[in-house]
file work.cif (mmCIF, C-alpha atoms and all ligand atoms)
data_work
#
loop_
_atom_site.group_PDB
_atom_site.id
_atom_site.type_symbol
_atom_site.label_atom_id
_atom_site.label_comp_id
_atom_site.auth_asym_id
_atom_site.auth_seq_id
_atom_site.Cartn_x
_atom_site.Cartn_y
_atom_site.Cartn_z
ATOM 1 C CA MET R 861 98.837 34.405 16.403
ATOM 2 C CA THR R 862 96.566 37.328 17.352
ATOM 3 C CA VAL R 863 93.148 36.847 15.859
ATOM 4 C CA ASN R 864 90.187 39.162 16.174
ATOM 5 C CA ILE R 865 86.620 37.953 15.579
ATOM 6 C CA ARG R 866 84.319 40.634 14.153
ATOM 7 C CA ASN R 867 81.182 41.126 12.086
ATOM 8 C CA ALA R 868 81.802 40.862 8.351
ATOM 9 C CA SER R 869 81.362 43.771 5.972
ATOM 10 C CA THR R 870 80.857 43.863 2.220
ATOM 11 C CA ASN R 871 84.629 44.466 1.818
ATOM 12 C CA ASP R 872 85.200 40.938 3.157
ATOM 13 C CA ILE R 873 83.093 39.222 0.487
ATOM 14 C CA PRO R 874 85.963 38.313 -1.903
ATOM 15 C CA LEU R 875 88.089 36.715 0.840
ATOM 16 C CA ILE R 876 85.120 34.902 2.375
ATOM 17 C CA LYS R 877 84.293 33.444 -1.031
ATOM 18 C CA SER R 878 87.909 32.505 -1.592
ATOM 19 C CA ILE R 879 88.068 30.594 1.716
ATOM 20 C CA LEU R 880 84.749 28.808 1.109
ATOM 21 C CA SER R 881 85.776 27.877 -2.441
ATOM 22 C CA GLN R 882 88.813 26.001 -1.165
ATOM 23 C CA TYR R 883 86.465 23.486 0.439
ATOM 24 C CA ILE R 884 83.828 23.590 -2.311
ATOM 25 C CA LEU R 885 81.385 25.186 0.123
ATOM 26 C CA GLU R 886 78.533 27.286 -1.257
ATOM 27 C CA THR R 887 79.460 30.864 -2.187
ATOM 28 C CA GLU R 888 76.333 31.996 -4.009
ATOM 29 C CA LEU R 889 74.557 33.352 -0.931
ATOM 30 C CA VAL R 890 77.490 35.260 0.592
ATOM 31 C CA GLU R 891 76.426 38.689 -0.716
ATOM 32 C CA GLU R 892 72.811 38.187 0.332
ATOM 33 C CA ASN R 893 73.765 36.904 3.803
ATOM 34 C CA ILE R 894 76.792 39.100 4.520
ATOM 35 C CA ASP R 895 75.076 40.692 7.559
ATOM 36 C CA GLN R 896 74.912 37.233 9.147
ATOM 37 C CA PHE R 897 78.629 36.487 8.674
ATOM 38 C CA ILE R 898 81.464 36.919 11.129
ATOM 39 C CA VAL R 899 85.136 36.721 10.223
ATOM 40 C CA ALA R 900 88.395 35.848 11.955
ATOM 41 C CA GLU R 901 91.057 38.427 11.143
ATOM 42 C CA ASN R 902 94.811 38.119 11.628
ATOM 43 C CA VAL R 903 96.863 41.315 11.149
ATOM 44 C CA GLY R 904 94.227 42.802 8.900
ATOM 45 C CA LYS R 905 93.690 39.676 6.806
ATOM 46 C CA VAL R 906 90.538 37.569 6.903
ATOM 47 C CA VAL R 907 91.555 33.972 7.661
ATOM 48 C CA GLY R 908 88.195 32.445 8.537
ATOM 49 C CA CYS R 909 84.447 32.921 8.436
ATOM 50 C CA ALA R 910 81.135 31.584 9.689
ATOM 51 C CA CYS R 911 77.469 32.453 9.244
ATOM 52 C CA LEU R 912 74.333 32.143 11.355
ATOM 53 C CA ASP R 913 71.581 31.772 8.791
ATOM 54 C CA ASN R 914 67.952 32.249 9.783
ATOM 55 C CA SER R 915 66.458 32.430 6.319
ATOM 56 C CA ALA R 916 65.018 28.898 6.161
ATOM 57 C CA GLY R 917 62.863 28.973 9.304
ATOM 58 C CA VAL R 918 65.521 27.222 11.405
ATOM 59 C CA ILE R 919 68.681 28.792 12.810
ATOM 60 C CA GLU R 920 71.553 27.149 10.971
ATOM 61 C CA LEU R 921 75.292 27.521 11.374
ATOM 62 C CA ARG R 922 76.736 27.619 7.868
ATOM 63 C CA SER R 923 79.904 28.395 5.985
ATOM 64 C CA ILE R 924 82.348 27.891 8.858
ATOM 65 C CA ALA R 925 85.834 27.567 7.398
ATOM 66 C CA LEU R 926 89.439 28.566 8.028
ATOM 67 C CA MET R 927 92.314 29.114 5.646
ATOM 68 C CA PRO R 928 94.201 25.775 5.557
ATOM 69 C CA ALA R 929 97.216 27.237 7.421
ATOM 70 C CA CYS R 930 94.914 28.446 10.217
ATOM 71 C CA LYS R 931 93.094 25.194 10.938
ATOM 72 C CA ASN R 932 93.507 23.303 14.223
ATOM 73 C CA LYS R 933 94.449 26.402 16.232
ATOM 74 C CA GLY R 934 91.150 26.828 18.062
ATOM 75 C CA LEU R 935 89.742 29.416 15.644
ATOM 76 C CA GLY R 936 86.822 27.248 14.515
ATOM 77 C CA HIS R 937 85.908 26.892 18.193
ATOM 78 C CA ARG R 938 86.071 30.687 18.671
ATOM 79 C CA LEU R 939 83.922 31.341 15.595
ATOM 80 C CA PHE R 940 81.394 28.784 16.799
ATOM 81 C CA LYS R 941 81.295 30.246 20.345
ATOM 82 C CA THR R 942 80.671 33.748 18.961
ATOM 83 C CA LEU R 943 77.705 32.550 16.891
ATOM 84 C CA GLU R 944 76.428 30.363 19.733
ATOM 85 C CA GLN R 945 76.234 33.483 21.937
ATOM 86 C CA ARG R 946 74.405 35.338 19.179
ATOM 87 C CA ALA R 947 71.973 32.435 18.660
ATOM 88 C CA LYS R 948 71.000 32.415 22.346
ATOM 89 C CA GLY R 949 68.977 35.584 21.818
ATOM 90 C CA MET R 950 67.169 34.072 18.834
ATOM 91 C CA THR R 951 66.421 30.394 19.385
ATOM 92 C CA ASP R 952 66.781 27.385 21.691
ATOM 93 C CA ARG R 953 68.645 25.228 19.166
ATOM 94 C CA ILE R 954 71.158 25.533 16.343
ATOM 95 C CA TYR R 955 71.231 23.210 13.359
ATOM 96 C CA VAL R 956 74.019 22.372 10.965
ATOM 97 C CA ARG R 957 74.407 20.263 7.826
ATOM 98 C CA THR R 958 78.015 19.204 7.656
ATOM 99 C CA THR R 959 80.700 16.885 6.362
ATOM 100 C CA ALA R 960 82.902 17.896 9.341
ATOM 101 C CA ARG R 961 80.922 15.886 11.858
ATOM 102 C CA GLY R 962 83.911 15.344 14.192
ATOM 103 C CA PHE R 963 84.284 19.085 14.764
ATOM 104 C CA PHE R 964 80.592 19.536 15.576
ATOM 105 C CA ASP R 965 80.638 16.480 17.874
ATOM 106 C CA LYS R 966 83.337 18.331 19.813
ATOM 107 C CA MET R 967 81.169 21.477 19.918
ATOM 108 C CA GLY R 968 78.367 19.458 21.557
ATOM 109 C CA PHE R 969 76.099 18.863 18.560
ATOM 110 C CA ARG R 970 74.139 15.611 18.218
ATOM 111 C CA ALA R 971 73.611 13.899 14.860
ATOM 112 C CA LEU R 972 70.024 13.548 13.634
ATOM 113 C CA ASP R 973 68.591 10.887 11.366
ATOM 114 C CA ASN R 974 69.344 11.729 7.735
ATOM 115 C CA SER R 975 65.610 11.790 6.932
ATOM 116 C CA GLN R 976 65.308 14.920 9.109
ATOM 117 C CA LYS R 977 67.055 16.942 6.423
ATOM 118 C CA ARG R 978 63.947 16.702 4.237
ATOM 119 C CA VAL R 979 61.732 17.720 7.145
ATOM 120 C CA LEU R 980 63.872 20.667 8.231
ATOM 121 C CA TRP R 981 65.033 22.100 4.895
ATOM 122 C CA GLN R 982 63.008 22.669 1.755
ATOM 123 C CA ASP R 983 66.176 22.724 -0.399
ATOM 124 C CA CYS R 984 66.964 19.170 0.826
ATOM 125 C CA ALA R 985 63.390 18.065 0.115
ATOM 126 C CA ASP R 986 63.744 19.405 -3.425
ATOM 127 C CA CYS R 987 67.305 18.170 -4.014
ATOM 128 C CA ASP R 988 67.952 15.520 -6.677
ATOM 129 C CA LYS R 989 71.253 14.595 -4.932
ATOM 130 C CA PHE R 990 69.600 13.781 -1.605
ATOM 131 C CA ASP R 991 70.419 10.050 -1.799
ATOM 132 C CA VAL R 992 74.142 10.649 -2.371
ATOM 133 C CA CYS R 993 74.573 13.739 -0.163
ATOM 134 C CA MET R 994 77.213 13.257 2.556
ATOM 135 C CA GLN R 995 76.073 16.137 4.764
ATOM 136 C CA VAL R 996 75.008 14.996 8.234
ATOM 137 C CA PRO R 997 72.213 16.963 9.956
ATOM 138 C CA MET R 998 73.081 17.860 13.549
ATOM 139 C CA VAL R 999 71.514 19.894 16.341
ATOM 140 C CA LEU R 1000 72.759 21.658 19.445
ATOM 141 C CA LYS R 1001 70.255 22.494 22.185
ATOM 142 C CA LEU R 1002 71.151 25.786 23.825
ATOM 143 C CA ARG R 1003 70.953 26.254 27.575
HETATM 144 C C1 LIG W 1101 85.869 22.475 10.533
HETATM 145 C C2 LIG W 1101 86.771 23.686 10.842
HETATM 146 C C3 LIG W 1101 85.959 24.975 10.696
HETATM 147 C C4 LIG W 1101 87.226 23.534 12.303
HETATM 148 O O1 LIG W 1101 87.991 24.673 12.649
HETATM 149 P P1 LIG W 1101 89.419 24.504 13.365
HETATM 150 O O2 LIG W 1101 89.889 25.865 13.747
HETATM 151 O O3 LIG W 1101 90.300 23.696 12.497
HETATM 152 O O4 LIG W 1101 89.029 23.674 14.666
HETATM 153 P P2 LIG W 1101 89.529 23.931 16.167
HETATM 154 O O5 LIG W 1101 91.004 24.054 16.159
HETATM 155 O O6 LIG W 1101 88.746 25.039 16.785
HETATM 156 O O7 LIG W 1101 89.146 22.529 16.831
HETATM 157 C C5 LIG W 1101 88.278 22.384 17.934
HETATM 158 C C6 LIG W 1101 88.215 20.911 18.265
HETATM 159 O O8 LIG W 1101 87.604 20.197 17.172
HETATM 160 C C7 LIG W 1101 88.498 19.194 16.664
HETATM 161 N N1 LIG W 1101 88.331 19.159 15.212
HETATM 162 C C8 LIG W 1101 88.516 20.168 14.325
HETATM 163 N N2 LIG W 1101 88.205 19.756 13.077
HETATM 164 C C9 LIG W 1101 87.819 18.470 13.190
HETATM 165 C C10 LIG W 1101 87.391 17.491 12.243
HETATM 166 N N3 LIG W 1101 87.248 17.770 10.934
HETATM 167 N N4 LIG W 1101 87.083 16.248 12.721
HETATM 168 C C11 LIG W 1101 87.197 15.951 14.038
HETATM 169 N N5 LIG W 1101 87.588 16.854 14.986
HETATM 170 C C12 LIG W 1101 87.904 18.074 14.553
HETATM 171 C C13 LIG W 1101 89.882 19.647 17.082
HETATM 172 O O9 LIG W 1101 90.778 18.575 17.159
HETATM 173 C C14 LIG W 1101 89.603 20.272 18.436
HETATM 174 O O10 LIG W 1101 89.475 19.245 19.406
HETATM 175 P P3 LIG W 1101 90.036 19.437 20.908
HETATM 176 O O11 LIG W 1101 89.217 20.533 21.519
HETATM 177 O O12 LIG W 1101 89.825 18.098 21.537
HETATM 178 O O13 LIG W 1101 91.486 19.810 20.760
HETATM 179 C C15 LIG W 1101 88.038 23.751 9.941
HETATM 180 O O14 LIG W 1101 88.794 22.588 10.119
HETATM 181 C C16 LIG W 1101 87.756 23.932 8.462
HETATM 182 O O15 LIG W 1101 87.845 25.042 7.942
HETATM 183 N N6 LIG W 1101 87.429 22.823 7.734
HETATM 184 C C17 LIG W 1101 87.171 22.892 6.297
HETATM 185 C C18 LIG W 1101 85.836 23.525 5.993
HETATM 186 C C19 LIG W 1101 84.674 22.704 6.515
HETATM 187 O O16 LIG W 1101 84.572 21.518 6.294
HETATM 188 N N7 LIG W 1101 83.746 23.399 7.222
HETATM 189 C C20 LIG W 1101 82.534 22.810 7.758
HETATM 190 C C21 LIG W 1101 81.364 23.296 6.958
HETATM 191 S S1 LIG W 1101 79.800 22.809 7.716
#
call {"tool": "encode", "arguments": {"input": "work.cif", "output": "structure tokens"}}
result
Amino acid sequence: MTVNIRNASTNDIPLIKSILSQYILETELVEENIDQFIVAENVGKVVGCACLDNSAGVIELRSIALMPACKNKGLGHRLFKTLEQRAKGMTDRIYVRTTARGFFDKMGFRALDNSQKRVLWQDCADCDKFDVCMQVPMVLKLR
């Protein structure tokens, strides 16, 4: 499987949204944040995506997802490594809020106390589902 990782363009928006929807991940901000997305492309077809969001005052890895048939082939790792390189010029740590904790453990992230979500993110502080939210806050310190 030959997969190229590249910056996303507006043409990729429908496929990015389609991939994110399969996992009930947020799609509302894709248009607004398209410049911060990268995609994994296999023979001209987008099979994965990820985003490095810096809109909330912290650098956050968001919206990382692969088409189901393309999971567990190292592509998530490649997407992460590409954004990690990009983040090194911007910050000394990357945050994530995730239900895929095992993957981010493997990438070197460390879980934070759940209460940190309210400190780090205004949308968590304002969220009426905070007490039932399954997303774990995690951080990776960059070297
Ligand atoms: C999470 C996701 C992006 C990982 O991408 P992937 O291409 O499947 O992962 P990789 O093949 O690069 O795996 C890298 C390592 O992480 C491990 N891993 C991957 N997903 C994992 C998971 N959910 N739990 C535990 N470990 C996981 C792999 O076994 C591999 O370990 P190894 O290096 O010891 O072999 C992908 O599974 C996915 O699209 N999940 C659904 C969407 C989602 O939940 N995204 C997270 C939003 S924050």
call {"tool": "resolve_selection", "arguments": {"input": "work.cif", "expression": "the PyMOL selection byres (((not hetatm)) within 6 of (chain W and resi 1101))", "output": "list in words"}}
result
Tyr883, Arg922, Ser923, Ile924, Ala925, Leu926, Lys931, Asn932, Lys933, Gly934, Leu935, Gly936, His937, Arg957, Thr958, Ala960, Gly962, Phe963 and Lys966 of chain R
call {"tool": "resolve_selection", "arguments": {"input": "work.cif", "expression": "the PyMOL selection byres (((chain R and resi 998) around 10) and not hetatm)", "output": "list in words"}}
result
Glu920, Ile954, Tyr955, Val956, Arg957, Thr958, Arg961, Phe964, Asp965, Gly968, Phe969, Arg970, Ala971, Leu972, Asp973, Asn974, Gln976, Lys977, Gln995, Val996, Pro997, Val999 and Leu1000 of chain R
call {"tool": "closest_residue", "arguments": {"input": "work.cif", "among": "R:Val907, R:Ala985, R:Ala947, R:Leu980", "to": "Leu1002 (chain R)", "atoms": "all atoms listed in the file"}}
result
R:Ala947
call {"tool": "residues_around", "arguments": {"input": "work.cif", "residues": "Asn914 (chain R)", "least_positions_apart": "2", "cutoff": "12 Å", "atoms": "only C-alpha atoms", "output": "list of chain:residue names"}}
result
R:Asn893, R:Asp895, R:Gln896, R:Phe897, R:Cys911, R:Leu912, R:Ala916, R:Gly917, R:Val918, R:Ile919, R:Glu920, R:Leu921, R:Arg922, R:Arg946, R:Ala947, R:Met950, R:Thr951, R:Arg953, R:Ile954, R:Tyr955, R:Val956, R:Trp981
call {"tool": "atom_distance", "arguments": {"input": "work.cif", "atom1": "CA of Met927 (chain R)", "atom2": "CA of Cys993 (chain R)"}}
result
24.2 Å
call {"tool": "residues_around", "arguments": {"input": "work.cif", "residues": "Gln882 (chain R)", "least_positions_apart": "3", "cutoff": "9 Å", "atoms": "only C-alpha atoms", "output": "ChimeraX atom specification"}}
result
/R:877-879,885,927-928
call {"tool": "closest_residue", "arguments": {"input": "work.cif", "among": "R:Thr959, R:Val906, R:Ile898, R:Asp991", "to": "Arg938 (chain R)", "atoms": "all atoms listed in the file"}}
result
R:Ile898
call {"tool": "atom_distance", "arguments": {"input": "work.cif", "atom1": "CA of Asp986 (chain R)", "atom2": "CA of Val890 (chain R)"}}
result
21.4 Å
call {"tool": "axis_aligned_box", "arguments": {"input": "work.cif", "around": "region 884-889 of chain R", "padding_each_side": "6 Å", "output": "JSON"}}
result
{"center_x": 79.2, "center_y": 28.5, "center_z": -1.9, "size_x": 21.3, "size_y": 21.8, "size_z": 16.1}
call {"tool": "resolve_selection", "arguments": {"input": "work.cif", "expression": "the PyMOL selection byres (((chain R and resi 871) around 12) and not hetatm)", "output": "list in words"}}
result
Asn867, Ala868, Ser869, Thr870, Asp872, Ile873, Pro874, Leu875, Ile876, Lys877, Val890, Glu891, Ile894, Asp895, Val899, Lys905 and Val906 of chain R
call {"tool": "closest_residue", "arguments": {"input": "work.cif", "among": "R:Asp913, R:Leu939, R:Gly949, R:Phe990", "to": "Glu892 (chain R)", "atoms": "only C-alpha atoms"}}
result
R:Asp913
call {"tool": "atom_distance", "arguments": {"input": "work.cif", "atom1": "CA of Ser881 (chain R)", "atom2": "CA of Lys989 (chain R)"}}
result
19.8 Å
call {"tool": "closest_residue", "arguments": {"input": "work.cif", "among": "R:Val992, R:Leu889, R:Ile884, R:Leu943", "to": "Ala910 (chain R)", "atoms": "only C-alpha atoms"}}
result
R:Leu943
call {"tool": "closest_residue", "arguments": {"input": "work.cif", "among": "R:Gln982, R:Gln945, R:Ser975, R:Asn864", "to": "Gly908 (chain R)", "atoms": "all atoms listed in the file"}}
result
R:Asn864
call {"tool": "build_atoms", "arguments": {"input": "work.cif", "residues": "region 867-896 of chain R", "atoms": "N, CA and C atoms", "output": "PDB file, in the coordinates of the input"}}
result
ATOM      1  N   ASN R 867      82.221  41.235  13.111  1.00  0.00           N
ATOM      2  CA  ASN R 867      81.182  41.126  12.086  1.00  0.00           C
ATOM      3  C   ASN R 867      81.803  41.368  10.713  1.00  0.00           C
ATOM      4  N   ALA R 868      81.302  40.677   9.719  1.00  0.00           N
ATOM      5  CA  ALA R 868      81.802  40.862   8.351  1.00  0.00           C
ATOM      6  C   ALA R 868      81.208  42.125   7.732  1.00  0.00           C
ATOM      7  N   SER R 869      81.903  42.658   6.753  1.00  0.00           N
ATOM      8  CA  SER R 869      81.362  43.771   5.972  1.00  0.00           C
ATOM      9  C   SER R 869      81.448  43.379   4.491  1.00  0.00           C
ATOM     10  N   THR R 870      80.856  44.196   3.646  1.00  0.00           N
ATOM     11  CA  THR R 870      80.857  43.863   2.220  1.00  0.00           C
ATOM     12  C   THR R 870      82.282  43.794   1.657  1.00  0.00           C
ATOM     13  N   ASN R 871      83.231  44.535   2.274  1.00  0.00           N
ATOM     14  CA  ASN R 871      84.629  44.466   1.818  1.00  0.00           C
ATOM     15  C   ASN R 871      85.225  43.071   1.971  1.00  0.00           C
ATOM     16  N   ASP R 872      84.651  42.276   2.875  1.00  0.00           N
ATOM     17  CA  ASP R 872      85.200  40.938   3.157  1.00  0.00           C
ATOM     18  C   ASP R 872      84.704  39.878   2.164  1.00  0.00           C
ATOM     19  N   ILE R 873      83.738  40.238   1.339  1.00  0.00           N
ATOM     20  CA  ILE R 873      83.093  39.222   0.487  1.00  0.00           C
ATOM     21  C   ILE R 873      84.099  38.437  -0.374  1.00  0.00           C
ATOM     22  N   PRO R 874      85.049  39.108  -1.057  1.00  0.00           N
ATOM     23  CA  PRO R 874      85.963  38.313  -1.903  1.00  0.00           C
ATOM     24  C   PRO R 874      86.777  37.274  -1.113  1.00  0.00           C
ATOM     25  N   LEU R 875      87.285  37.679   0.073  1.00  0.00           N
ATOM     26  CA  LEU R 875      88.089  36.715   0.840  1.00  0.00           C
ATOM     27  C   LEU R 875      87.227  35.601   1.438  1.00  0.00           C
ATOM     28  N   ILE R 876      86.021  35.944   1.866  1.00  0.00           N
ATOM     29  CA  ILE R 876      85.120  34.902   2.375  1.00  0.00           C
ATOM     30  C   ILE R 876      84.863  33.877   1.269  1.00  0.00           C
ATOM     31  N   LYS R 877      84.571  34.362   0.087  1.00  0.00           N
ATOM     32  CA  LYS R 877      84.293  33.444  -1.031  1.00  0.00           C
ATOM     33  C   LYS R 877      85.523  32.606  -1.369  1.00  0.00           C
ATOM     34  N   SER R 878      86.681  33.234  -1.285  1.00  0.00           N
ATOM     35  CA  SER R 878      87.909  32.505  -1.592  1.00  0.00           C
ATOM     36  C   SER R 878      88.133  31.363  -0.589  1.00  0.00           C
ATOM     37  N   ILE R 879      87.891  31.643   0.690  1.00  0.00           N
ATOM     38  CA  ILE R 879      88.068  30.594   1.716  1.00  0.00           C
ATOM     39  C   ILE R 879      87.052  29.470   1.492  1.00  0.00           C
ATOM     40  N   LEU R 880      85.792  29.832   1.285  1.00  0.00           N
ATOM     41  CA  LEU R 880      84.749  28.808   1.109  1.00  0.00           C
ATOM     42  C   LEU R 880      85.018  27.948  -0.127  1.00  0.00           C
ATOM     43  N   SER R 881      85.522  28.601  -1.191  1.00  0.00           N
ATOM     44  CA  SER R 881      85.776  27.877  -2.441  1.00  0.00           C
ATOM     45  C   SER R 881      86.813  26.771  -2.262  1.00  0.00           C
ATOM     46  N   GLN R 882      87.750  27.004  -1.359  1.00  0.00           N
ATOM     47  CA  GLN R 882      88.813  26.001  -1.165  1.00  0.00           C
ATOM     48  C   GLN R 882      88.264  24.667  -0.690  1.00  0.00           C
ATOM     49  N   TYR R 883      87.068  24.719  -0.076  1.00  0.00           N
ATOM     50  CA  TYR R 883      86.465  23.486   0.439  1.00  0.00           C
ATOM     51  C   TYR R 883      85.185  23.128  -0.335  1.00  0.00           C
ATOM     52  N   ILE R 884      85.022  23.795  -1.473  1.00  0.00           N
ATOM     53  CA  ILE R 884      83.828  23.590  -2.311  1.00  0.00           C
ATOM     54  C   ILE R 884      82.548  23.812  -1.501  1.00  0.00           C
ATOM     55  N   LEU R 885      82.595  24.798  -0.607  1.00  0.00           N
ATOM     56  CA  LEU R 885      81.385  25.186   0.123  1.00  0.00           C
ATOM     57  C   LEU R 885      80.664  26.264  -0.688  1.00  0.00           C
ATOM     58  N   GLU R 886      79.367  26.370  -0.469  1.00  0.00           N
ATOM     59  CA  GLU R 886      78.533  27.286  -1.257  1.00  0.00           C
ATOM     60  C   GLU R 886      78.989  28.747  -1.116  1.00  0.00           C
ATOM     61  N   THR R 887      79.082  29.447  -2.221  1.00  0.00           N
ATOM     62  CA  THR R 887      79.460  30.864  -2.187  1.00  0.00           C
ATOM     63  C   THR R 887      78.362  31.779  -2.730  1.00  0.00           C
ATOM     64  N   GLU R 888      77.338  31.181  -3.310  1.00  0.00           N
ATOM     65  CA  GLU R 888      76.333  31.996  -4.009  1.00  0.00           C
ATOM     66  C   GLU R 888      75.554  32.938  -3.102  1.00  0.00           C
ATOM     67  N   LEU R 889      75.410  32.549  -1.822  1.00  0.00           N
ATOM     68  CA  LEU R 889      74.557  33.352  -0.931  1.00  0.00           C
ATOM     69  C   LEU R 889      75.350  34.319  -0.053  1.00  0.00           C
ATOM     70  N   VAL R 890      76.667  34.425  -0.293  1.00  0.00           N
ATOM     71  CA  VAL R 890      77.490  35.260   0.592  1.00  0.00           C
ATOM     72  C   VAL R 890      77.041  36.721   0.553  1.00  0.00           C
ATOM     73  N   GLU R 891      76.848  37.272  -0.621  1.00  0.00           N
ATOM     74  CA  GLU R 891      76.426  38.689  -0.716  1.00  0.00           C
ATOM     75  C   GLU R 891      75.118  38.915   0.051  1.00  0.00           C
ATOM     76  N   GLU R 892      74.147  38.049  -0.266  1.00  0.00           N
ATOM     77  CA  GLU R 892      72.811  38.187   0.332  1.00  0.00           C
ATOM     78  C   GLU R 892      72.850  38.080   1.861  1.00  0.00           C
ATOM     79  N   ASN R 893      73.727  37.197   2.367  1.00  0.00           N
ATOM     80  CA  ASN R 893      73.765  36.904   3.803  1.00  0.00           C
ATOM     81  C   ASN R 893      74.919  37.583   4.534  1.00  0.00           C
ATOM     82  N   ILE R 894      75.564  38.557   3.918  1.00  0.00           N
ATOM     83  CA  ILE R 894      76.792  39.100   4.520  1.00  0.00           C
ATOM     84  C   ILE R 894      76.560  39.645   5.933  1.00  0.00           C
ATOM     85  N   ASP R 895      75.363  40.154   6.217  1.00  0.00           N
ATOM     86  CA  ASP R 895      75.076  40.692   7.559  1.00  0.00           C
ATOM     87  C   ASP R 895      75.075  39.595   8.626  1.00  0.00           C
ATOM     88  N   GLN R 896      74.964  38.340   8.184  1.00  0.00           N
ATOM     89  CA  GLN R 896      74.912  37.233   9.147  1.00  0.00           C
ATOM     90  C   GLN R 896      76.275  36.561   9.312  1.00  0.00           C
TER      91      GLN R 896
END
